[in-house]
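Trainee: Take this structure first; my questions come after.
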Amino acid sequence: MTQITVELGEHSYPILVQPGAMDLAASFLTRFANNSRLFILTDENVGSHFLARLEHAFSGSDVDLVARILPAGETSKSWHQLELVTDWLLEQGIERSDTLVALGGGVIGDLTGFTAAIIKRGCGFVQIPTSLLAQVDSSVGGKTAINSAAGKNLIGSFYQPRFVLIDPLVLTSLPDRELRAGYAEVVKYGLINDAKFFAWCEENSDRLLNHDPDVLSEAIVHSVRTKALIVGEDEKEVSGRRALLNLGHTFGHALEAETGFSDKLVHGEAVAAGMALAFAYSARRGHCDVADADRVALHLKSVGLPYNLATASVEASGKRLVDHMMHDKKMSGGTLPFLLANGIGKTFVANDVELADVAAFLDESS
Ligand code: GLY
């Protein structure tokens, strides 16, 4: 069992990584069950795998699990679902002292967190992430959001959970494609500030993607430790420290927008291609060696992740992709900060990037 703390003063909270934790959930979560109940939000896919198990884990306790099962997929991060969920919670008589539990991947975590942030001006919130992406990234750090017609994650708040319970063994039932997509976010932690960890990824990716529980646990603990430190230093992405976690996301966001935020290219895949593009662009600007950019692309290729526009199945012009980037919520005063790199493990924020130059680079890359 590994416990990691996100140090945020009175909003500090523990993250527990323990194989088998799902079946021991009652011993970790009962303390959050004011009024002897917990409100669980999950989706159809995750619910069919884990809701009965969670209920079983609580069977000997006096805590009631009050669950709502949402449709699976990104469309649940909507005003419509937010309204349905908040109306339902109010009908159930939720109080500010109650706790919502997000049982699922990033979509459920983001929607549950935002619901917790606004219902009765804020109730408790616990994460039980069930995808690799949610375990290593979205369940930690308190970014919560829904989507709007204007784009993804544009309505939301920073609202920290009180506890994150991670069971690496739940990933054994995760489809290969989802595991691989989540792995892109693991690689990210090597690329941003830890070249040794990137080398670890190169050595261990086969075992990880074959669901080896020890390797998965090691990757999760390392990723969560890194993220907890960064969030502790820059909770609301003010100093630029937390922005490092956006490596690959600006390019990736344009690819996701171009493919309609659909199953054609899921978030982690877009981030993989985006990181390779960020390194290739860094090499083009002379920030890093071409050999480093090639090494990043080669690793992503070797695990079956997209590593350029073609492998992301995107044919759009550079101008069109850059137009997508202009809707990015990080856009400030007409400029967009880009995460570039001086080498593997040496990511930095560049505020002097000309979007026309990015468009030219993308045209040359396609
Ligand atoms: N996923 C990036 C962040 O949490 O800051």
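Letters for chains follow the order of the structure tokens (A, B, ...), residue numbers begin at 1 for each chain, and ligand numbers begin at 1 in the order shown.
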Quick one: everything within 9 Å of range 15-30 of chain A, counting only C-alpha atoms, minus sequence neighbours fewer than 6 positions away in the same chain. Send it as a ChimeraX atom specification.

Mentor: /A:1-6,36-38,50,53-54,56-63,126,128,140,163-170,213,217,220-221,224,228

Trainee: Taking 6 positions as the minimum chain separation for residues in the same chain, which residues sit within 12 Å of Thr259 in chain A when counting only C-alpha atoms? Answer as a list of chain:residue names.

Mentor: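 Returned residues: A:Gly252, A:His253, A:Leu265, A:Val266, A:His267, A:Glu269, A:Ala270, A:Leu309, A:Ala312, A:Ser313, A:Val314, A:Glu315, A:Ala316, A:Leu321, A:His324.
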
Trainee: Would you export the selected residues with all heavy atoms as a short mmCIF file (atom, residue, chain, number, x, y, z; two decimals), in the first residue's frame, please?

Mentor:
data_model
loop_
_atom_site.label_atom_id
_atom_site.label_comp_id
_atom_site.auth_asym_id
_atom_site.auth_seq_id
_atom_site.Cartn_x
_atom_site.Cartn_y
_atom_site.Cartn_z
N GLY A 252 -2.71 18.14 -29.24
CA GLY A 252 -3.68 17.05 -29.11
C GLY A 252 -5.11 17.55 -29.17
O GLY A 252 -5.98 16.93 -29.80
N HIS A 253 -5.35 18.69 -28.54
CA HIS A 253 -6.71 19.24 -28.52
C HIS A 253 -7.17 19.56 -29.95
O HIS A 253 -8.31 19.29 -30.33
CB HIS A 253 -6.73 20.51 -27.67
CG HIS A 253 -8.05 21.19 -27.64
ND1 HIS A 253 -9.03 20.86 -26.73
CD2 HIS A 253 -8.58 22.14 -28.42
CE1 HIS A 253 -10.09 21.58 -26.96
NE2 HIS A 253 -9.86 22.38 -27.98
N LEU A 265 -10.36 9.14 -32.34
CA LEU A 265 -9.09 9.48 -31.67
C LEU A 265 -9.44 9.85 -30.23
O LEU A 265 -9.96 10.93 -29.99
CB LEU A 265 -8.44 10.68 -32.39
CG LEU A 265 -7.02 11.03 -31.96
CD1 LEU A 265 -6.02 9.97 -32.46
CD2 LEU A 265 -6.61 12.39 -32.52
N VAL A 266 -9.17 8.95 -29.31
CA VAL A 266 -9.55 9.25 -27.93
C VAL A 266 -8.47 10.14 -27.29
O VAL A 266 -7.35 10.28 -27.82
CB VAL A 266 -9.80 7.96 -27.10
CG1 VAL A 266 -10.98 7.19 -27.68
CG2 VAL A 266 -8.57 7.09 -27.01
N HIS A 267 -8.81 10.73 -26.15
CA HIS A 267 -7.97 11.78 -25.56
C HIS A 267 -6.49 11.36 -25.42
O HIS A 267 -5.59 12.08 -25.86
CB HIS A 267 -8.54 12.20 -24.21
CG HIS A 267 -7.72 13.25 -23.52
ND1 HIS A 267 -7.61 14.54 -23.98
CD2 HIS A 267 -6.94 13.19 -22.41
CE1 HIS A 267 -6.81 15.24 -23.20
NE2 HIS A 267 -6.39 14.44 -22.23
N GLU A 269 -4.80 9.12 -26.95
CA GLU A 269 -4.15 8.98 -28.26
C GLU A 269 -3.79 10.34 -28.83
O GLU A 269 -2.71 10.53 -29.40
CB GLU A 269 -5.09 8.24 -29.22
CG GLU A 269 -5.33 6.78 -28.82
CD GLU A 269 -6.51 6.14 -29.55
OE1 GLU A 269 -7.36 6.86 -30.13
OE2 GLU A 269 -6.61 4.90 -29.50
N ALA A 270 -4.71 11.30 -28.66
CA ALA A 270 -4.43 12.66 -29.15
C ALA A 270 -3.25 13.26 -28.39
O ALA A 270 -2.40 13.95 -28.97
CB ALA A 270 -5.67 13.53 -28.99
N LEU A 309 0.60 13.27 -37.56
CA LEU A 309 -0.75 13.52 -38.06
C LEU A 309 -1.31 12.28 -38.77
O LEU A 309 -2.47 11.92 -38.60
CB LEU A 309 -0.75 14.71 -39.03
CG LEU A 309 -0.43 16.08 -38.41
CD1 LEU A 309 -0.51 17.17 -39.48
CD2 LEU A 309 -1.38 16.41 -37.27
N ALA A 312 -2.44 9.65 -36.52
CA ALA A 312 -3.64 10.09 -35.79
C ALA A 312 -4.84 10.18 -36.75
O ALA A 312 -5.93 10.59 -36.35
CB ALA A 312 -3.40 11.45 -35.13
N SER A 313 -4.60 9.80 -38.02
CA SER A 313 -5.64 9.85 -39.07
C SER A 313 -6.23 11.24 -39.25
O SER A 313 -7.44 11.40 -39.40
CB SER A 313 -6.78 8.86 -38.76
OG SER A 313 -6.28 7.58 -38.58
N VAL A 314 -5.35 12.25 -39.21
CA VAL A 314 -5.79 13.63 -39.41
C VAL A 314 -5.14 14.17 -40.69
O VAL A 314 -3.92 14.10 -40.84
CB VAL A 314 -5.41 14.51 -38.20
CG1 VAL A 314 -5.60 15.99 -38.51
CG2 VAL A 314 -6.25 14.12 -36.99
N GLU A 315 -5.97 14.68 -41.59
CA GLU A 315 -5.44 15.16 -42.88
C GLU A 315 -5.58 16.68 -43.02
O GLU A 315 -5.27 17.24 -44.07
CB GLU A 315 -6.21 14.50 -44.03
CG GLU A 315 -5.80 13.06 -44.23
CD GLU A 315 -6.57 12.40 -45.35
OE1 GLU A 315 -7.40 13.08 -45.98
OE2 GLU A 315 -6.33 11.21 -45.59
N ALA A 316 -6.06 17.34 -42.00
CA ALA A 316 -6.38 18.78 -42.12
C ALA A 316 -5.14 19.63 -42.35
O ALA A 316 -4.02 19.23 -42.01
CB ALA A 316 -7.07 19.22 -40.83
N LEU A 321 -5.97 23.35 -38.23
CA LEU A 321 -5.66 22.83 -36.90
C LEU A 321 -5.36 23.98 -35.92
O LEU A 321 -5.79 23.95 -34.76
CB LEU A 321 -4.47 21.85 -36.97
CG LEU A 321 -4.79 20.55 -37.73
CD1 LEU A 321 -3.54 19.70 -37.93
CD2 LEU A 321 -5.86 19.74 -36.99
N HIS A 324 -8.44 25.50 -34.60
CA HIS A 324 -8.98 24.77 -33.43
C HIS A 324 -8.27 25.21 -32.15
O HIS A 324 -8.88 25.32 -31.09
CB HIS A 324 -8.78 23.26 -33.59
CG HIS A 324 -9.64 22.62 -34.65
ND1 HIS A 324 -11.00 22.78 -34.69
CD2 HIS A 324 -9.32 21.79 -35.68
CE1 HIS A 324 -11.48 22.09 -35.71
NE2 HIS A 324 -10.50 21.48 -36.33
#

Trainee: Find the residues near ligand 1. Use a cut-off of 6 Å, count only C-alpha atoms and all ligand atoms, and write them as a list of chain:residue names.

Mentor: A:Asp137, A:Ser138, A:Gly141, A:Lys143, A:Arg242, A:Leu245, A:Asn246

Trainee: Next, dump the selected residues to file, keeping only N, CA and C atoms, as a PDB file, in the first residue's frame.

Mentor:
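Output contents, as saved in part_7.pdb:
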ATOM      1  N   ASP A 137      -3.917  10.582 -13.850  1.00  0.00           N
ATOM      2  CA  ASP A 137      -4.029  12.006 -14.175  1.00  0.00           C
ATOM      3  C   ASP A 137      -5.306  12.645 -13.626  1.00  0.00           C
ATOM      4  N   SER A 138      -6.452  12.333 -14.228  1.00  0.00           N
ATOM      5  CA  SER A 138      -7.606  13.212 -13.988  1.00  0.00           C
ATOM      6  C   SER A 138      -8.211  13.107 -12.589  1.00  0.00           C
ATOM      7  N   GLY A 141      -5.846  16.280  -8.453  1.00  0.00           N
ATOM      8  CA  GLY A 141      -5.553  17.675  -8.786  1.00  0.00           C
ATOM      9  C   GLY A 141      -6.745  18.583  -8.885  1.00  0.00           C
ATOM     10  N   LYS A 143      -9.175  19.246 -11.113  1.00  0.00           N
ATOM     11  CA  LYS A 143      -9.778  19.901 -12.285  1.00  0.00           C
ATOM     12  C   LYS A 143     -11.118  19.222 -12.550  1.00  0.00           C
ATOM     13  N   ARG A 242       2.209  23.866 -13.091  1.00  0.00           N
ATOM     14  CA  ARG A 242       1.188  22.872 -13.440  1.00  0.00           C
ATOM     15  C   ARG A 242       0.978  22.797 -14.954  1.00  0.00           C
ATOM     16  N   LEU A 245       1.996  19.896 -17.142  1.00  0.00           N
ATOM     17  CA  LEU A 245       1.153  18.699 -17.313  1.00  0.00           C
ATOM     18  C   LEU A 245       0.346  18.768 -18.600  1.00  0.00           C
ATOM     19  N   ASN A 246       0.378  19.918 -19.254  1.00  0.00           N
ATOM     20  CA  ASN A 246      -0.365  20.062 -20.521  1.00  0.00           C
ATOM     21  C   ASN A 246       0.489  19.699 -21.728  1.00  0.00           C
TER      22      ASN A 246
END

Trainee: Neighbours of Gly109 in chain A within 7 Å (only C-alpha atoms; same-chain residues fewer than 5 positions away dropped), as a tab-separated table (two decimals) with all heavy atoms, in the first residue's frame?

Mentor:
chain	number	residue	atom	x	y	z
A	102	ALA	N	-17.10	9.41	-7.11
A	102	ALA	CA	-16.98	9.21	-8.56
A	102	ALA	C	-16.38	7.83	-8.79
A	102	ALA	O	-15.21	7.60	-8.48
A	102	ALA	CB	-16.07	10.28	-9.16
A	104	GLY	N	-15.44	5.66	-11.69
A	104	GLY	CA	-15.35	5.60	-13.15
A	104	GLY	C	-14.09	6.25	-13.68
A	104	GLY	O	-13.12	6.47	-12.94
A	127	GLN	N	-12.79	10.21	-5.13
A	127	GLN	CA	-12.59	9.60	-6.45
A	127	GLN	C	-12.19	8.13	-6.30
A	127	GLN	O	-11.26	7.81	-5.55
A	127	GLN	CB	-11.44	10.30	-7.18
A	127	GLN	CG	-11.69	11.73	-7.57
A	127	GLN	CD	-12.08	11.85	-9.06
A	127	GLN	OE1	-12.53	10.89	-9.70
A	127	GLN	NE2	-11.92	13.03	-9.59
A	139	SER	N	-7.95	12.01	-11.86
A	139	SER	CA	-8.57	11.92	-10.52
A	139	SER	C	-7.81	12.74	-9.49
A	139	SER	O	-8.28	12.96	-8.38
A	139	SER	CB	-8.63	10.45	-10.06
A	139	SER	OG	-7.33	9.95	-9.84

Trainee: Taking only C-alpha atoms into account, name the residue in A:Leu51, A:Ala293, A:Ala310, A:Val66 that is nearest to Ser365 in chain A.

Mentor: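 Of all the options, A:Ala310 lies closest to Ser365 in chain A.
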
Trainee: Enumerate the residues of range 70-167 of chain A with a DSSP assignment of strand (DSSP E), computed from the backbone, and present them as a ChimeraX atom specification.

Mentor: /A:70,99-104,124-129,143-148,151-158,163-166

Trainee: Residues of range 159-313 of chain A classed as alpha helix (DSSP H) by DSSP on the backbone are to be reported as a PyMOL selection string.

Mentor: chain A and resi 176-193+195-209+213-233+249-258+267-284+290-302

Trainee: Name the closest residue to Arg284 in chain A among the candidates A:Ser205, A:Asn342, A:Asn34, A:Ser223; distances are taken between atoms, counting only C-alpha atoms.

Mentor: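 The answer is A:Asn342, which sits nearest to Arg284 in chain A.
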
Trainee: Residues within 9 Å of Leu216 in chain A, please, as a PyMOL selection string. Count only C-alpha atoms; anything in the same chain fewer than 6 positions from it doesn't count.

Mentor: chain A and resi 132+168-169+171+207-209

Trainee: Which one is closest to Val303 in chain A: A:Gly286, A:Gly248, A:Pro337, A:Gly182? Count only C-alpha atoms.

Mentor: A:Gly182

Trainee: Within 10 Å of Val358 in chain A, counting only C-alpha atoms, which residues qualify if same-chain residues fewer than 4 places away don't, as a list in words?

Mentor: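 These residues fall inside the cut-off: Phe251, Ala278, Tyr281, Gly318, Lys319, Leu321, Val322, Val353, Glu354, Leu362, Asp363 and Glu364 of chain A.
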
Trainee: Find the spatial neighbours of Thr42 in chain A, counting only C-alpha atoms, within a cut-off of 7 Å - ignore same-chain residues fewer than 2 positions away - and output them as a list of chain:residue names.

Mentor: A:Ile40, A:Glu44, A:Val46, A:Gly47, A:Arg68, A:Ile69, A:Leu70, A:Ala102, A:Leu103, A:Gly104, A:Ile108

Trainee: Save the residues we just selected, all heavy atoms, as a PDB file, in the first residue's frame?

Mentor:
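The resulting part.pdb:
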ATOM      1  N   ILE A  40     -23.159   7.613  -5.053  1.00  0.00           N
ATOM      2  CA  ILE A  40     -22.213   7.109  -6.060  1.00  0.00           C
ATOM      3  C   ILE A  40     -22.677   7.531  -7.448  1.00  0.00           C
ATOM      4  O   ILE A  40     -23.837   7.298  -7.804  1.00  0.00           O
ATOM      5  CB  ILE A  40     -22.174   5.552  -6.073  1.00  0.00           C
ATOM      6  CG1 ILE A  40     -22.139   4.966  -4.657  1.00  0.00           C
ATOM      7  CG2 ILE A  40     -21.039   5.039  -6.946  1.00  0.00           C
ATOM      8  CD1 ILE A  40     -20.882   5.149  -3.921  1.00  0.00           C
ATOM      9  N   GLU A  44     -22.684   3.222 -17.222  1.00  0.00           N
ATOM     10  CA  GLU A  44     -23.198   1.863 -17.487  1.00  0.00           C
ATOM     11  C   GLU A  44     -22.075   0.830 -17.549  1.00  0.00           C
ATOM     12  O   GLU A  44     -22.214  -0.264 -16.990  1.00  0.00           O
ATOM     13  CB  GLU A  44     -23.920   1.840 -18.842  1.00  0.00           C
ATOM     14  CG  GLU A  44     -25.174   2.678 -18.889  1.00  0.00           C
ATOM     15  CD  GLU A  44     -25.447   3.237 -20.286  1.00  0.00           C
ATOM     16  OE1 GLU A  44     -24.503   3.301 -21.119  1.00  0.00           O
ATOM     17  OE2 GLU A  44     -26.599   3.610 -20.532  1.00  0.00           O
ATOM     18  N   VAL A  46     -18.795   0.963 -16.353  1.00  0.00           N
ATOM     19  CA  VAL A  46     -18.080   0.772 -15.081  1.00  0.00           C
ATOM     20  C   VAL A  46     -19.031   0.188 -14.041  1.00  0.00           C
ATOM     21  O   VAL A  46     -18.675  -0.719 -13.280  1.00  0.00           O
ATOM     22  CB  VAL A  46     -17.486   2.113 -14.594  1.00  0.00           C
ATOM     23  CG1 VAL A  46     -16.845   1.962 -13.225  1.00  0.00           C
ATOM     24  CG2 VAL A  46     -16.473   2.636 -15.603  1.00  0.00           C
ATOM     25  N   GLY A  47     -20.271   0.696 -14.045  1.00  0.00           N
ATOM     26  CA  GLY A  47     -21.257   0.206 -13.080  1.00  0.00           C
ATOM     27  C   GLY A  47     -21.454  -1.299 -13.207  1.00  0.00           C
ATOM     28  O   GLY A  47     -21.524  -2.023 -12.213  1.00  0.00           O
ATOM     29  N   ARG A  68     -26.358   6.375  -8.883  1.00  0.00           N
ATOM     30  CA  ARG A  68     -26.986   6.785 -10.144  1.00  0.00           C
ATOM     31  C   ARG A  68     -26.038   6.386 -11.279  1.00  0.00           C
ATOM     32  O   ARG A  68     -24.846   6.695 -11.257  1.00  0.00           O
ATOM     33  CB  ARG A  68     -27.233   8.291 -10.168  1.00  0.00           C
ATOM     34  CG  ARG A  68     -27.966   8.695 -11.431  1.00  0.00           C
ATOM     35  CD  ARG A  68     -28.497  10.108 -11.329  1.00  0.00           C
ATOM     36  NE  ARG A  68     -29.119  10.500 -12.582  1.00  0.00           N
ATOM     37  CZ  ARG A  68     -30.433  10.536 -12.802  1.00  0.00           C
ATOM     38  NH1 ARG A  68     -31.274  10.198 -11.853  1.00  0.00           N
ATOM     39  NH2 ARG A  68     -30.912  10.903 -13.984  1.00  0.00           N
ATOM     40  N   ILE A  69     -26.625   5.705 -12.278  1.00  0.00           N
ATOM     41  CA  ILE A  69     -25.817   5.195 -13.392  1.00  0.00           C
ATOM     42  C   ILE A  69     -26.076   6.068 -14.616  1.00  0.00           C
ATOM     43  O   ILE A  69     -27.216   6.189 -15.071  1.00  0.00           O
ATOM     44  CB  ILE A  69     -26.173   3.720 -13.677  1.00  0.00           C
ATOM     45  CG1 ILE A  69     -25.903   2.889 -12.420  1.00  0.00           C
ATOM     46  CG2 ILE A  69     -25.373   3.195 -14.862  1.00  0.00           C
ATOM     47  CD1 ILE A  69     -26.336   1.448 -12.513  1.00  0.00           C
ATOM     48  N   LEU A  70     -25.015   6.666 -15.133  1.00  0.00           N
ATOM     49  CA  LEU A  70     -25.134   7.597 -16.269  1.00  0.00           C
ATOM     50  C   LEU A  70     -24.766   6.886 -17.568  1.00  0.00           C
ATOM     51  O   LEU A  70     -24.051   5.876 -17.539  1.00  0.00           O
ATOM     52  CB  LEU A  70     -24.189   8.780 -16.060  1.00  0.00           C
ATOM     53  CG  LEU A  70     -24.652   9.883 -15.118  1.00  0.00           C
ATOM     54  CD1 LEU A  70     -24.810   9.415 -13.705  1.00  0.00           C
ATOM     55  CD2 LEU A  70     -23.648  11.023 -15.161  1.00  0.00           C
ATOM     56  N   ALA A 102     -17.098   9.412  -7.110  1.00  0.00           N
ATOM     57  CA  ALA A 102     -16.980   9.211  -8.560  1.00  0.00           C
ATOM     58  C   ALA A 102     -16.379   7.834  -8.787  1.00  0.00           C
ATOM     59  O   ALA A 102     -15.214   7.597  -8.478  1.00  0.00           O
ATOM     60  CB  ALA A 102     -16.068  10.281  -9.158  1.00  0.00           C
ATOM     61  N   LEU A 103     -17.180   6.924  -9.303  1.00  0.00           N
ATOM     62  CA  LEU A 103     -16.698   5.570  -9.600  1.00  0.00           C
ATOM     63  C   LEU A 103     -16.625   5.454 -11.126  1.00  0.00           C
ATOM     64  O   LEU A 103     -17.641   5.235 -11.791  1.00  0.00           O
ATOM     65  CB  LEU A 103     -17.682   4.541  -9.014  1.00  0.00           C
ATOM     66  CG  LEU A 103     -17.423   3.071  -9.348  1.00  0.00           C
ATOM     67  CD1 LEU A 103     -16.137   2.571  -8.686  1.00  0.00           C
ATOM     68  CD2 LEU A 103     -18.602   2.184  -8.917  1.00  0.00           C
ATOM     69  N   GLY A 104     -15.444   5.662 -11.691  1.00  0.00           N
ATOM     70  CA  GLY A 104     -15.346   5.596 -13.151  1.00  0.00           C
ATOM     71  C   GLY A 104     -14.086   6.250 -13.675  1.00  0.00           C
ATOM     72  O   GLY A 104     -13.122   6.468 -12.944  1.00  0.00           O
ATOM     73  N   ILE A 108     -16.675  10.572 -15.658  1.00  0.00           N
ATOM     74  CA  ILE A 108     -17.419  10.507 -14.392  1.00  0.00           C
ATOM     75  C   ILE A 108     -16.725  11.363 -13.329  1.00  0.00           C
ATOM     76  O   ILE A 108     -17.375  12.088 -12.563  1.00  0.00           O
ATOM     77  CB  ILE A 108     -17.558   9.033 -13.931  1.00  0.00           C
ATOM     78  CG1 ILE A 108     -18.559   8.294 -14.833  1.00  0.00           C
ATOM     79  CG2 ILE A 108     -17.943   8.915 -12.469  1.00  0.00           C
ATOM     80  CD1 ILE A 108     -19.995   8.776 -14.713  1.00  0.00           C
TER      81      ILE A 108
END

Trainee: Please provide the set of residues having any atom within 6 Å of Tyr307 in chain A, restricted to only C-alpha atoms, with same-chain residues fewer than 4 positions apart removed, written as a list in words.

Mentor: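 Contacts, in chain order: Ala273, Ala276 and Ala297 of chain A.
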
Trainee: Limited to N, CA, C and O atoms, could you put the picked residues into a file as an mmCIF file, in the first residue's frame?

Mentor:
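After the write, part-v7.cif holds the following:
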data_model
loop_
_atom_site.group_PDB
_atom_site.id
_atom_site.type_symbol
_atom_site.label_atom_id
_atom_site.label_comp_id
_atom_site.auth_asym_id
_atom_site.auth_seq_id
_atom_site.Cartn_x
_atom_site.Cartn_y
_atom_site.Cartn_z
ATOM 1 N N ALA A 273 0.041 11.743 -29.846
ATOM 2 C CA ALA A 273 0.447 12.414 -31.089
ATOM 3 C C ALA A 273 0.876 13.846 -30.787
ATOM 4 O O ALA A 273 1.860 14.351 -31.359
ATOM 5 N N ALA A 276 4.433 13.962 -29.425
ATOM 6 C CA ALA A 276 5.423 13.744 -30.497
ATOM 7 C C ALA A 276 5.538 15.009 -31.348
ATOM 8 O O ALA A 276 6.653 15.409 -31.727
ATOM 9 N N ALA A 297 8.998 9.729 -30.656
ATOM 10 C CA ALA A 297 8.086 9.188 -31.676
ATOM 11 C C ALA A 297 8.234 7.672 -31.770
ATOM 12 O O ALA A 297 7.233 6.938 -31.859
#

Trainee: Could you tell me which of A:Met325, A:Ile344, A:Leu133, A:Leu65 comes closest to Ala195 in chain A if we count only C-alpha atoms?

Mentor: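 Once distances to Ala195 in chain A are computed over only C-alpha atoms, the minimum belongs to A:Ile344.
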
Trainee: At what distance in Å, to one decimal, does CA of Val215 in chain A lie from CA of Gly343 in chain A?

Mentor: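 Separation between CA of Gly343 in chain A and CA of Val215 in chain A: 25.4 Å.
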
Trainee: Out of A:Thr172, A:Ser239, A:Asn308, A:Gln135, which residue has the shortest atom-to-atom distance to Val271 in chain A when counting only C-alpha atoms?

Mentor: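 With only C-alpha atoms as the atom set, the closest residue is A:Asn308.
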
Trainee: In Å to one decimal, how far is CA of Asn351 in chain A from CA of Phe338 in chain A?

Mentor: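 Here the two named atoms are 6.5 Å from each other.
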